[in-house]
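*Asks:* Have a peek at model.txt (compact mmCIF, C-alpha atoms and all ligand atoms).
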# COMPACT_ATOMS: atom_id res chain seq x y z
CA MET T 4 -63.67 -86.94 96.15
CA LEU T 5 -63.24 -90.35 97.77
CA LYS T 6 -59.49 -90.03 97.38
CA ARG T 7 -59.59 -86.65 99.10
CA VAL T 8 -61.61 -88.02 101.98
CA LEU T 9 -59.17 -90.91 102.32
CA ILE T 10 -56.13 -88.63 102.37
CA LEU T 11 -57.86 -86.38 104.88
CA SER T 12 -58.65 -89.25 107.22
CA ILE T 13 -55.04 -90.49 107.03
CA VAL T 14 -53.89 -87.00 107.90
CA VAL T 15 -56.30 -86.86 110.81
CA VAL T 16 -54.99 -90.18 112.13
CA VAL T 17 -51.37 -89.03 111.78
CA VAL T 18 -52.09 -85.72 113.50
CA GLY T 19 -53.88 -87.58 116.28
CA VAL T 20 -50.93 -89.92 116.80
CA GLN T 21 -48.49 -87.02 116.87
CA ALA T 22 -50.60 -85.09 119.35
CA ALA T 23 -50.65 -88.13 121.61
CA ARG T 24 -46.87 -88.54 121.28
CA SER T 25 -46.25 -84.97 122.37
CA GLN T 26 -47.72 -85.82 125.76
CA PRO T 27 -45.47 -88.10 127.78
CA SER T 28 -47.46 -91.03 129.15
CA PRO T 29 -46.98 -92.58 132.55
CA ALA T 30 -45.03 -95.82 132.38
CA GLY T 31 -46.89 -98.67 130.74
CA SER T 32 -49.95 -96.60 129.91
CA THR T 33 -51.27 -95.06 126.73
CA SER T 34 -53.73 -92.77 128.49
CA LEU T 35 -53.21 -89.06 129.08
CA PRO T 36 -50.60 -88.07 131.66
CA LEU T 37 -51.85 -87.29 135.15
CA THR T 38 -50.42 -84.56 137.32
CA ALA T 39 -51.43 -83.87 140.91
CA ILE T 40 -50.76 -80.39 142.26
CA LYS T 41 -50.71 -80.00 146.03
CA ALA T 42 -51.89 -76.44 146.64
CA GLY T 43 -51.22 -75.02 150.09
CA ARG T 44 -53.66 -72.23 149.39
CA LEU T 45 -56.01 -72.10 146.41
CA VAL T 46 -57.56 -68.73 145.53
CA ASP T 47 -60.88 -68.38 143.74
CA PRO T 48 -60.76 -64.83 142.30
CA GLU T 49 -64.49 -64.92 141.50
CA THR T 50 -65.49 -65.11 145.16
CA GLY T 51 -62.29 -63.68 146.63
CA THR T 52 -61.94 -66.73 148.88
CA THR T 53 -59.12 -69.14 149.67
CA ALA T 54 -59.26 -72.88 150.33
CA THR T 55 -56.34 -74.61 152.02
CA ASN T 56 -54.59 -77.92 151.36
CA GLN T 57 -56.27 -78.70 148.05
CA VAL T 58 -55.30 -81.25 145.42
CA ILE T 59 -55.73 -80.31 141.74
CA LEU T 60 -55.68 -83.33 139.47
CA VAL T 61 -54.74 -82.52 135.87
CA GLU T 62 -55.29 -85.03 133.08
CA GLY T 63 -53.60 -84.10 129.81
CA GLU T 64 -54.44 -80.46 129.17
CA ARG T 65 -57.39 -80.14 131.50
CA ILE T 66 -58.33 -80.12 135.15
CA LYS T 67 -59.97 -83.37 136.20
CA ALA T 68 -60.71 -82.88 139.88
CA VAL T 69 -60.18 -80.32 142.66
CA GLY T 70 -60.67 -80.71 146.39
CA PRO T 71 -59.15 -81.48 149.76
CA GLY T 72 -59.77 -85.21 149.52
CA VAL T 73 -58.89 -85.89 145.88
CA ALA T 74 -56.97 -89.18 145.75
CA ILE T 75 -53.64 -89.05 143.90
CA PRO T 76 -53.66 -91.97 141.45
CA PRO T 77 -50.56 -94.16 141.30
CA GLY T 78 -48.31 -93.03 138.45
CA ALA T 79 -49.40 -89.40 138.67
CA ALA T 80 -46.62 -86.83 138.73
CA VAL T 81 -46.85 -84.87 141.97
CA ILE T 82 -46.06 -81.15 142.13
CA ASP T 83 -45.77 -79.82 145.65
CA LEU T 84 -46.94 -76.20 145.91
CA SER T 85 -47.99 -76.55 149.52
CA ARG T 86 -45.99 -73.46 150.53
CA LEU T 87 -47.42 -71.29 147.75
CA THR T 88 -50.71 -69.67 146.79
CA VAL T 89 -52.21 -71.22 143.67
CA LEU T 90 -54.53 -69.30 141.36
CA PRO T 91 -55.66 -69.14 137.71
CA GLY T 92 -53.30 -67.56 135.16
CA LEU T 93 -53.45 -63.81 134.52
CA VAL T 94 -54.86 -61.89 131.54
CA ASP T 95 -53.56 -58.77 129.79
CA ALA T 96 -56.71 -57.68 127.97
CA HIS T 97 -55.02 -55.17 125.66
CA THR T 98 -51.46 -55.50 124.51
CA HIS T 99 -49.33 -55.54 121.37
CA MET T 100 -46.92 -58.44 121.15
CA ALA T 101 -45.43 -57.63 117.76
CA ILE T 102 -44.46 -53.99 117.96
CA THR T 103 -41.68 -52.36 119.96
CA TYR T 104 -41.09 -48.72 119.28
CA LYS T 105 -38.05 -47.10 120.81
CA GLU T 106 -36.41 -43.78 121.69
CA VAL T 107 -33.52 -44.67 119.41
CA PRO T 108 -33.76 -44.48 116.47
CA GLU T 109 -37.41 -43.52 116.07
CA ASN T 110 -37.91 -41.14 119.03
CA ASN T 111 -41.01 -43.15 120.01
CA TYR T 112 -42.58 -42.13 116.71
CA TYR T 113 -44.14 -45.43 115.79
CA TYR T 114 -44.83 -44.55 112.17
CA LEU T 115 -41.10 -45.13 111.74
CA THR T 116 -41.22 -48.50 113.45
CA TYR T 117 -43.70 -49.63 110.84
CA VAL T 118 -41.32 -48.57 108.11
CA MET T 119 -38.17 -49.98 109.65
CA ASP T 120 -39.18 -53.31 111.24
CA SER T 121 -40.40 -56.09 108.97
CA THR T 122 -43.26 -58.44 109.78
CA PRO T 123 -40.85 -61.41 110.22
CA LEU T 124 -38.70 -59.45 112.69
CA ARG T 125 -41.79 -58.36 114.58
CA ALA T 126 -43.18 -61.91 114.65
CA ILE T 127 -39.97 -63.09 116.30
CA GLN T 128 -40.25 -60.25 118.84
CA ALA T 129 -43.78 -61.46 119.51
CA ALA T 130 -42.56 -65.01 120.13
CA SER T 131 -40.05 -63.68 122.67
CA ASN T 132 -42.64 -61.39 124.28
CA GLY T 133 -45.05 -64.31 124.59
CA ILE T 134 -42.50 -66.33 126.54
CA GLN T 135 -41.75 -63.33 128.77
CA MET T 136 -45.46 -62.79 129.45
CA LEU T 137 -46.02 -66.45 130.28
CA SER T 138 -43.12 -66.37 132.73
CA SER T 139 -44.89 -63.56 134.61
CA GLY T 140 -48.04 -65.65 134.81
CA PHE T 141 -50.00 -64.19 131.87
CA THR T 142 -51.68 -67.22 130.31
CA VAL T 143 -54.07 -65.19 128.10
CA VAL T 144 -53.37 -62.01 126.13
CA ARG T 145 -55.63 -60.03 123.85
CA ASP T 146 -53.26 -58.86 121.11
CA VAL T 147 -55.13 -56.07 119.41
CA GLY T 148 -53.57 -54.58 116.33
CA ASN T 149 -50.36 -52.86 115.29
CA ASN T 150 -48.79 -56.21 114.52
CA ALA T 151 -47.72 -55.65 110.88
CA LEU T 152 -49.09 -58.18 108.40
CA TYR T 153 -50.69 -60.67 110.83
CA ALA T 154 -47.69 -61.35 113.09
CA ASP T 155 -50.31 -61.67 115.87
CA THR T 156 -52.32 -64.45 114.24
CA ALA T 157 -49.05 -66.20 113.29
CA LEU T 158 -48.04 -66.13 116.96
CA ARG T 159 -51.37 -67.65 117.98
CA GLN T 160 -51.07 -70.37 115.35
CA ALA T 161 -47.47 -71.19 116.25
CA ILE T 162 -48.33 -71.57 119.94
CA GLU T 163 -51.48 -73.59 119.20
CA GLN T 164 -49.64 -75.84 116.76
CA GLY T 165 -47.04 -76.61 119.41
CA TRP T 166 -43.88 -74.92 118.15
CA LEU T 167 -43.17 -72.90 121.26
CA PRO T 168 -44.59 -71.83 124.63
CA GLY T 169 -46.74 -68.76 125.04
CA PRO T 170 -50.04 -67.50 126.37
CA THR T 171 -53.37 -68.16 124.69
CA VAL T 172 -53.34 -65.33 122.15
CA ILE T 173 -56.57 -63.61 121.12
CA PRO T 174 -55.42 -61.65 118.07
CA SER T 175 -57.33 -59.02 116.16
CA GLY T 176 -55.32 -58.78 112.95
CA PRO T 177 -54.80 -55.24 111.66
CA MET T 178 -57.01 -52.55 113.14
CA ILE T 179 -59.93 -51.60 110.92
CA GLY T 180 -60.53 -47.88 110.37
CA GLY T 181 -61.26 -45.19 107.87
CA THR T 182 -58.44 -44.42 105.44
CA GLY T 183 -55.14 -44.21 107.29
CA GLY T 184 -56.21 -45.86 110.54
CA GLN T 185 -54.29 -44.01 113.26
CA PHE T 186 -52.02 -42.46 110.60
CA TRP T 187 -52.38 -39.27 108.67
CA PRO T 188 -50.80 -40.60 105.53
CA THR T 189 -49.34 -38.45 102.79
CA PRO T 190 -50.70 -38.98 99.31
CA GLU T 191 -47.43 -40.72 98.52
CA MET T 192 -47.88 -43.18 101.39
CA TYR T 193 -51.50 -43.81 100.59
CA LYS T 194 -51.17 -44.24 96.86
CA GLN T 195 -48.03 -46.36 97.01
CA HIS T 196 -49.72 -48.43 99.73
CA ASN T 197 -46.52 -50.09 100.84
CA ILE T 198 -45.28 -47.88 103.68
CA MET T 199 -48.20 -47.47 106.06
CA TYR T 200 -49.93 -50.69 105.08
CA PRO T 201 -50.25 -53.41 106.29
CA GLU T 202 -50.64 -51.74 109.71
CA TYR T 203 -54.33 -50.86 109.16
CA ILE T 204 -57.19 -51.91 106.91
CA ASP T 205 -59.07 -49.06 105.28
CA ALA T 206 -62.80 -49.53 105.49
CA ASN T 207 -64.82 -46.46 104.50
CA SER T 208 -68.24 -47.90 103.69
CA PRO T 209 -70.52 -50.70 104.90
CA ASP T 210 -69.24 -53.03 102.15
CA GLU T 211 -65.66 -52.32 103.07
CA ILE T 212 -66.35 -52.85 106.77
CA VAL T 213 -67.87 -56.27 106.08
CA ARG T 214 -64.97 -57.19 103.82
CA ALA T 215 -62.36 -56.06 106.38
CA VAL T 216 -63.97 -58.00 109.25
CA ARG T 217 -64.16 -61.13 107.10
CA GLU T 218 -60.55 -60.73 105.95
CA ASN T 219 -59.27 -60.58 109.51
CA MET T 220 -61.28 -63.60 110.58
CA LEU T 221 -60.09 -65.49 107.50
CA PHE T 222 -56.47 -64.80 108.45
CA GLY T 223 -56.87 -66.00 112.01
CA ALA T 224 -58.30 -63.15 114.11
CA ARG T 225 -60.25 -64.14 117.24
CA THR T 226 -61.46 -60.62 117.99
CA ILE T 227 -62.10 -57.53 115.88
CA LYS T 228 -60.61 -54.11 116.60
CA LEU T 229 -62.12 -50.92 115.22
CA CYS T 230 -60.68 -47.41 115.17
CA ILE T 231 -63.88 -45.70 116.30
CA ASP T 232 -62.70 -42.09 116.16
CA CYS T 233 -59.13 -42.01 114.88
CA LYS T 234 -60.40 -39.41 112.41
CA PRO T 235 -62.95 -36.65 113.18
CA TRP T 236 -65.49 -38.38 110.92
CA GLY T 237 -64.91 -41.82 112.47
CA TYR T 238 -67.48 -44.61 112.51
CA SER T 239 -71.19 -44.06 113.05
CA VAL T 240 -73.34 -46.12 115.40
CA ASP T 241 -74.65 -48.04 112.36
CA ASP T 242 -71.10 -48.72 111.11
CA ILE T 243 -70.14 -50.13 114.51
CA LYS T 244 -73.32 -52.23 114.72
CA LEU T 245 -72.57 -53.66 111.28
CA ALA T 246 -69.05 -54.65 112.36
CA ILE T 247 -70.45 -56.26 115.53
CA ARG T 248 -72.96 -58.30 113.49
CA GLU T 249 -70.40 -59.43 110.96
CA ALA T 250 -67.84 -60.32 113.65
CA ALA T 251 -70.48 -62.34 115.51
CA ALA T 252 -70.99 -64.45 112.38
CA GLY T 253 -67.38 -65.58 112.81
CA GLY T 254 -67.57 -65.94 116.59
CA CYS T 255 -65.71 -62.72 117.34
CA LYS T 256 -66.43 -59.84 119.72
CA VAL T 257 -65.54 -56.24 118.88
CA GLU T 258 -63.22 -53.83 120.66
CA GLY T 259 -63.28 -50.13 119.87
CA HIS T 260 -60.24 -47.90 120.12
CA VAL T 261 -61.70 -44.70 121.57
CA GLN T 262 -59.98 -41.34 121.97
CA THR T 263 -62.84 -38.80 122.09
CA PRO T 264 -65.98 -38.50 124.24
CA GLU T 265 -68.11 -38.48 121.06
CA GLY T 266 -66.50 -41.69 119.84
CA ALA T 267 -67.04 -43.27 123.25
CA GLN T 268 -70.74 -42.43 123.13
CA ARG T 269 -71.15 -43.94 119.65
CA ALA T 270 -69.36 -47.13 120.73
CA ILE T 271 -71.58 -47.41 123.82
CA ASP T 272 -74.76 -46.73 121.81
CA ALA T 273 -73.79 -49.45 119.33
CA GLY T 274 -73.35 -51.94 122.19
CA ILE T 275 -69.66 -52.64 121.63
CA TYR T 276 -68.09 -55.42 123.75
CA ILE T 277 -64.91 -53.66 124.91
CA ILE T 278 -63.79 -50.04 124.93
CA ALA T 279 -60.03 -49.56 124.79
CA HIS T 280 -58.36 -46.61 126.53
CA GLY T 281 -60.03 -44.82 129.41
CA ASN T 282 -58.72 -41.31 128.80
CA ALA T 283 -61.67 -39.87 126.89
CA LEU T 284 -64.38 -41.43 129.04
CA THR T 285 -66.55 -39.26 131.30
CA PRO T 286 -68.31 -40.35 134.51
CA GLU T 287 -71.51 -40.49 132.44
CA HIS T 288 -69.85 -42.94 130.02
CA HIS T 289 -68.77 -45.05 132.98
CA ARG T 290 -72.34 -45.10 134.25
CA GLN T 291 -73.64 -46.28 130.89
CA MET T 292 -70.88 -48.87 130.47
CA ALA T 293 -71.67 -50.33 133.89
CA GLN T 294 -75.35 -50.48 133.00
CA LYS T 295 -74.69 -52.19 129.66
CA GLY T 296 -71.87 -54.43 130.92
CA ILE T 297 -69.32 -53.04 128.46
CA PHE T 298 -65.76 -54.02 129.39
CA LEU T 299 -63.13 -51.34 129.83
CA ALA T 300 -59.55 -52.00 128.80
CA GLY T 301 -58.33 -48.72 130.22
CA THR T 302 -54.62 -49.25 129.44
CA ASP T 303 -53.71 -47.48 132.67
CA THR T 304 -50.06 -46.50 132.28
CA PRO T 305 -48.20 -46.01 135.58
CA LEU T 306 -45.71 -43.25 136.28
CA THR T 307 -42.24 -44.78 136.32
CA ASN T 308 -38.67 -43.71 135.66
CA TYR T 309 -39.04 -45.16 132.16
CA ARG T 310 -42.46 -43.84 131.15
CA GLY T 311 -45.22 -41.31 131.84
CA SER T 312 -45.75 -37.84 133.26
CA GLU T 313 -47.24 -36.77 136.57
CA ALA T 314 -50.16 -34.94 134.91
CA ALA T 315 -51.06 -37.91 132.70
CA PHE T 316 -50.79 -40.31 135.64
CA LYS T 317 -53.11 -38.16 137.78
CA ARG T 318 -55.74 -38.20 135.05
CA THR T 319 -55.37 -41.94 134.50
CA VAL T 320 -55.72 -42.67 138.21
CA ALA T 321 -58.78 -40.43 138.53
CA ASN T 322 -60.44 -42.09 135.52
CA LEU T 323 -59.74 -45.60 136.78
CA LYS T 324 -61.03 -44.68 140.25
CA ASP T 325 -64.27 -43.32 138.82
CA ALA T 326 -64.75 -46.34 136.54
CA TYR T 327 -64.21 -48.63 139.55
CA GLU T 328 -66.64 -46.69 141.72
CA LYS T 329 -69.26 -46.77 138.97
CA LYS T 330 -68.80 -50.58 138.74
CA VAL T 331 -67.64 -50.72 135.11
CA PRO T 332 -66.42 -54.27 134.32
CA LEU T 333 -62.69 -53.55 134.48
CA THR T 334 -59.91 -55.52 132.86
CA PHE T 335 -56.17 -55.30 133.47
CA SER T 336 -54.66 -53.92 130.28
CA THR T 337 -51.37 -52.33 129.33
CA ASP T 338 -51.18 -51.32 125.67
CA PHE T 339 -47.52 -52.33 125.98
CA ASP T 340 -45.60 -51.65 122.78
CA TYR T 341 -42.38 -49.72 123.59
CA TRP T 342 -38.93 -50.10 125.04
CA ASN T 343 -36.13 -47.90 126.30
CA GLU T 344 -32.77 -48.10 128.05
CA ARG T 345 -34.22 -47.25 131.47
CA MET T 346 -36.35 -50.38 131.74
CA LYS T 347 -34.13 -51.99 134.35
CA ASP T 348 -34.66 -53.23 137.87
CA GLU T 349 -33.50 -50.38 140.08
CA LYS T 350 -31.85 -52.72 142.59
CA THR T 351 -30.24 -55.34 140.38
CA GLY T 352 -29.70 -53.31 137.21
CA GLU T 353 -31.14 -56.21 135.17
CA TRP T 354 -33.49 -55.68 132.25
CA LEU T 355 -37.16 -55.92 133.11
CA THR T 356 -39.02 -58.43 130.95
CA ARG T 357 -42.18 -57.63 128.99
CA GLY T 358 -44.05 -59.59 131.67
CA GLU T 359 -42.53 -57.60 134.54
CA LEU T 360 -43.16 -54.32 132.73
CA SER T 361 -46.77 -55.36 132.19
CA ILE T 362 -47.51 -56.40 135.77
CA ASN T 363 -45.99 -53.10 136.92
CA PHE T 364 -49.27 -51.49 135.81
CA LEU T 365 -50.42 -52.54 139.28
CA LEU T 366 -48.95 -49.19 140.37
CA THR T 367 -51.89 -47.39 138.75
CA TRP T 368 -54.48 -49.73 140.23
CA LYS T 369 -53.07 -49.30 143.72
CA ALA T 370 -52.91 -45.51 143.28
CA ALA T 371 -56.60 -45.57 142.30
CA GLY T 372 -57.39 -47.32 145.58
CA VAL T 373 -58.85 -50.46 144.01
CA PRO T 374 -58.82 -53.22 146.68
CA ALA T 375 -56.60 -56.24 146.01
CA PRO T 376 -59.46 -58.75 145.47
CA ASP T 377 -60.96 -56.49 142.78
CA ILE T 378 -57.60 -55.97 141.06
CA LEU T 379 -57.25 -59.75 141.03
CA LYS T 380 -60.70 -60.02 139.47
CA ALA T 381 -59.67 -57.60 136.72
CA LEU T 382 -56.52 -59.68 136.17
CA THR T 383 -58.44 -62.95 135.91
CA VAL T 384 -62.24 -63.32 135.85
CA ASN T 385 -63.02 -60.14 133.89
CA GLY T 386 -60.04 -60.75 131.60
CA TYR T 387 -61.28 -64.23 130.71
CA LYS T 388 -64.72 -62.83 129.91
CA ALA T 389 -63.34 -59.92 127.88
CA ALA T 390 -61.15 -62.36 125.95
CA ASP T 391 -64.25 -64.54 125.49
CA VAL T 392 -62.44 -67.66 126.69
CA ASP T 393 -64.27 -68.01 130.02
CA LYS T 394 -66.07 -71.20 129.08
CA GLU T 395 -62.75 -73.02 128.67
CA ARG T 396 -60.17 -71.09 130.67
CA GLY T 397 -60.07 -69.41 134.02
CA PRO T 398 -61.62 -71.07 137.02
CA ILE T 399 -59.65 -73.94 138.54
CA LYS T 400 -62.53 -76.36 138.09
CA PRO T 401 -62.99 -79.75 136.43
CA GLY T 402 -63.19 -79.58 132.63
CA MET T 403 -61.27 -76.32 132.29
CA PHE T 404 -57.85 -76.03 130.66
CA ALA T 405 -55.12 -76.26 133.28
CA ASP T 406 -53.69 -72.72 133.15
CA ILE T 407 -52.44 -72.45 136.71
CA ILE T 408 -49.90 -70.25 138.46
CA ALA T 409 -48.52 -70.07 141.98
CA VAL T 410 -47.10 -67.11 143.86
CA SER T 411 -45.51 -66.52 147.23
CA GLY T 412 -47.75 -64.49 149.54
CA ASP T 413 -51.46 -63.78 149.41
CA PRO T 414 -52.71 -61.73 146.44
CA LEU T 415 -56.07 -61.16 148.16
CA THR T 416 -54.40 -59.01 150.81
CA ASP T 417 -51.23 -57.93 148.97
CA ILE T 418 -51.75 -57.73 145.21
CA ASP T 419 -48.00 -57.37 144.69
CA ALA T 420 -47.81 -61.10 145.38
CA VAL T 421 -48.66 -61.61 141.69
CA ARG T 422 -45.28 -60.09 140.84
CA ARG T 423 -43.69 -63.15 142.45
CA VAL T 424 -44.80 -65.92 140.10
CA GLN T 425 -42.94 -69.08 141.07
CA PHE T 426 -44.86 -71.64 139.04
CA VAL T 427 -46.68 -71.61 135.70
CA MET T 428 -48.63 -74.42 134.08
CA LYS T 429 -50.09 -73.86 130.61
CA ASN T 430 -52.49 -76.37 129.06
CA GLY T 431 -51.46 -78.89 131.71
CA MET T 432 -47.73 -78.63 131.03
CA VAL T 433 -45.25 -77.10 133.45
CA PHE T 434 -43.58 -73.99 132.02
CA LYS T 435 -41.96 -72.57 135.15
CA ARG T 436 -41.10 -74.14 138.49
CA GLU T 437 -39.37 -72.78 141.57
CA GLY T 438 -39.17 -69.40 139.90
CA VAL T 439 -37.22 -70.67 136.89
CA MET T 440 -38.50 -71.21 133.36
CA ALA T 441 -38.32 -74.89 132.36
CA PRO T 442 -40.01 -74.78 128.96
CA GLU T 443 -38.31 -77.64 127.11
CA LYS T 444 -41.52 -79.68 126.79
CA PHE T 445 -43.10 -76.84 124.78
CA PHE T 446 -40.54 -76.80 121.97
CA HIS T 447 -41.10 -79.02 118.94
CA PRO T 448 -39.68 -79.34 115.43
CA GLY T 449 -43.14 -79.49 113.88
CA PRO T 450 -46.82 -78.74 114.41
CA VAL T 451 -47.26 -81.62 116.85
CA ARG T 452 -50.59 -80.28 118.07
CA GLY T 453 -51.96 -80.18 114.55
CA TRP T 454 -51.29 -78.12 111.43
CA ARG T 455 -55.00 -77.40 111.23
CA GLN T 456 -54.72 -74.73 113.92
CA ARG T 457 -55.30 -71.77 111.58
ZN ZN T 501 -53.35 -50.47 121.95
Have the structure of the file written as structure tokens, please.
Ligand SMILES: [Zn+2]

*Replies:*
Amino acid sequence: MLKRVLILSIVVVVVGVQAARSQPSPAGSTSLPLTAIKAGRLVDPETGTTATNQVILVEGERIKAVGPGVAIPPGAAVIDLSRLTVLPGLVDAHTHMAITYKEVPENNYYYLTYVMDSTPLRAIQAASNGIQMLSSGFTVVRDVGNNALYADTALRQAIEQGWLPGPTVIPSGPMIGGTGGQFWPTPEMYKQHNIMYPEYIDANSPDEIVRAVRENMLFGARTIKLCIDCKPWGYSVDDIKLAIREAAAGGCKVEGHVQTPEGAQRAIDAGIYIIAHGNALTPEHHRQMAQKGIFLAGTDTPLTNYRGSEAAFKRTVANLKDAYEKKVPLTFSTDFDYWNERMKDEKTGEWLTRGELSINFLLTWKAAGVPAPDILKALTVNGYKAADVDKERGPIKPGMFADIIAVSGDPLTDIDAVRRVQFVMKNGMVFKREGVMAPEKFFHPGPVRGWRQR
């Protein structure tokens, strides 16, 4: 036992030294690096207000001081964003980093994607998608299922350990549902267990629900995702309550995938934290969600030349408008998990990135008439709360992690300004400057931030 303790403490010391090494120190000092950001305009999305000529002092990974008169210590690196608008990083509250279904070869039929793309391939896609999201200013993503055998928790661990840049990932692990999840498996698929699994965890009884929730948390989930009504029998109010209790024991909140009005009502009655997909919700559901403070991740797909139909878009816009008017706590969410040959910038002909495709969901929000300050709230404040990271990330205030972006223009009057992300800082390190990714400080040949990030 003593030997084990000794080895552990040596490991702790080594990890500590390596973590310190990964942060460049100012000359002649062993303390954390200091960075001073000069913000021409600093937006507080909570209040919808802007302060001018502010200095944000960042020490190591966190914000140390903010204000107009903050002194810049000698030796601090100075970043001049005096011509830009500075704000907290953005949140996609419902996305899928490790699945990309396509028109060719699978005709958007994602059952085939599960068969054809391995977990390792999908994990590498997720790493790429994470970098693309961060470049568009998304510093937090909720990554909620359909990620093969835990490619999502692997992505979180890899980013937290310090292998590569990416947003803070809140992964769910595989979605938990009755047999088949979102699939209608054949007996062959079900009994062989190796085609449709690991995409979903079957949980058909209280014991199995508890086991599934614990399994996901054991393998690195930070939120729990339930298929509420993927089958007509679905989960009962008691089933959902049980999952919520068990998830809480591991510090996780529960999101319900909802596709029927009946399922929505059961999720609301159980007091679920987030409802995913707005399509099946009625005005009465919106009223109840507002009253109970249940977050909506509506996944509001816009109508574009690469996706959507006019009829579906009309419905989506009407639903979002009603949810906004009823004061449901709204998050910005995309459900992004597909790709096709038309996803190019119409002017330049260049491929759109996963980040650009995600922020393009602004089209729906604008069509629903949501004012810019409230869209920005959905993209930030509500996203941080829905992701359950709001005690550590979000507001540009002392003590918080320094996840900071800067855009040209004013997102409080023209929300499209957030499409023009010129600067990204994640955990106090610069990822993008002057509109160009400069991520070299994020890449390491080992888990420099600690192998214990599990
Ligand atoms: Zn989804």

*Asks:* List every residue of chain T that has an atom at most 9 Å from any atom of ligand ZN 501 (chain T), giving for each one its closest atom pair and the distance in Å to one decimal, counting only C-alpha atoms and all ligand atoms, sorted by chain and then by ascending residue number, as CSV.

*Replies:*
residue,atom,partner,partner_atom,distance
T:His97,CA,T:ZN501,ZN,6.2
T:Thr98,CA,T:ZN501,ZN,6.0
T:His99,CA,T:ZN501,ZN,6.5
T:Asp146,CA,T:ZN501,ZN,8.4
T:Val147,CA,T:ZN501,ZN,6.4
T:Gly148,CA,T:ZN501,ZN,7.0
T:Asn149,CA,T:ZN501,ZN,7.7
T:His260,CA,T:ZN501,ZN,7.6
T:Ala279,CA,T:ZN501,ZN,7.3
T:His280,CA,T:ZN501,ZN,7.8
T:Thr302,CA,T:ZN501,ZN,7.7
T:Thr337,CA,T:ZN501,ZN,7.9
T:Asp338,CA,T:ZN501,ZN,4.4
T:Phe339,CA,T:ZN501,ZN,7.3
T:Asp340,CA,T:ZN501,ZN,7.9

*Asks:* As an exercise, work out the distance from atom CA of T:Met136 to atom CA of T:Arg455 in Å and give it to one decimal place.

*Replies:*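 Calculated distance between atom CA of T:Met136 and atom CA of T:Arg455 is 25.2 Å.
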
*Asks:* Excluding same-chain residues fewer than 2 positions from T:Ile82, what lies within 7 Å of it counting only C-alpha atoms, as an mmCIF file with C-alpha atoms, keeping the file's coordinate frame?

*Replies:*
data_model
loop_
_atom_site.group_PDB
_atom_site.id
_atom_site.type_symbol
_atom_site.label_atom_id
_atom_site.label_comp_id
_atom_site.auth_asym_id
_atom_site.auth_seq_id
_atom_site.Cartn_x
_atom_site.Cartn_y
_atom_site.Cartn_z
ATOM 1 C CA ALA T 39 -51.430 -83.870 140.910
ATOM 2 C CA ILE T 40 -50.760 -80.390 142.260
ATOM 3 C CA LYS T 41 -50.710 -80.000 146.030
ATOM 4 C CA ALA T 80 -46.620 -86.830 138.730
ATOM 5 C CA LEU T 84 -46.940 -76.200 145.910
#

*Asks:* At a cut-off of 6 Å, using only C-alpha atoms, what residues contact stretch 415-431 of chain T? Leave out same-chain residues fewer than 4 positions from it and give the result as a list in words.

*Replies:*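 Result of the neighbour search: Gly63, Glu64, Ser139, Ala375, Pro376, Phe404, Ala405, Asp406, Ile407, Ile408, Ala409, Val410, Lys435, Arg436, Glu437 and Gly438 of chain T.
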
*Asks:* Using only C-alpha atoms, can you list as a list in words the residues within 12 Å of (-39.5, -79.7, 126.8)?

*Replies:*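 The answer, in the requested form, is Ser25, Gln26, Pro27, Gly165, Trp166, Leu167, Pro168, Met432, Val433, Phe434, Lys435, Met440, Ala441, Pro442, Glu443, Lys444, Phe445, Phe446, His447 and Pro448 of chain T.
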
*Asks:* Measuring atom to atom with all atoms listed in the file, identify which of T:Tyr112, T:Trp342, T:Trp454, T:Phe316 is nearest to T:Thr356.

*Replies:*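 Closest to T:Thr356, using all atoms listed in the file: T:Trp342.
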
*Asks:* Identify, on the basis of only C-alpha atoms, every residue whose closest approach to T:Gly176 does not exceed 9 Å; exclude the query and any residue fewer than 3 positions from it along the same chain; express the result as a list in words.

*Replies:*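 The filter keeps Asp146, Val147, Gly148, Asn149, Asn150, Ala151, Leu152, Tyr153, Ala154, Asp155, Thr156, Ile179, Tyr203, Glu218, Asn219, Met220, Phe222, Gly223, Ala224, Arg225, Thr226, Ile227 and Lys228 of chain T.
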
*Asks:* Which distance in Å separates atom CA of T:Lys194 and atom CA of T:Gly180, to one decimal?

*Replies:*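 These two atoms are separated by 16.8 Å.
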
*Asks:* May I have the residues within 8 Å of T:Asn56 as a tab-separated table (two decimals) with C-alpha atoms, keeping the file's coordinate frame, using only C-alpha atoms and disregarding those fewer than 6 positions away in the same chain?

*Replies:*
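Saved to around_14.tsv:
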chain	number	residue	atom	x	y	z
T	41	LYS	CA	-50.71	-80.00	146.03
T	42	ALA	CA	-51.89	-76.44	146.64
T	43	GLY	CA	-51.22	-75.02	150.09
T	44	ARG	CA	-53.66	-72.23	149.39
T	45	LEU	CA	-56.01	-72.10	146.41
T	71	PRO	CA	-59.15	-81.48	149.76
T	85	SER	CA	-47.99	-76.55	149.52
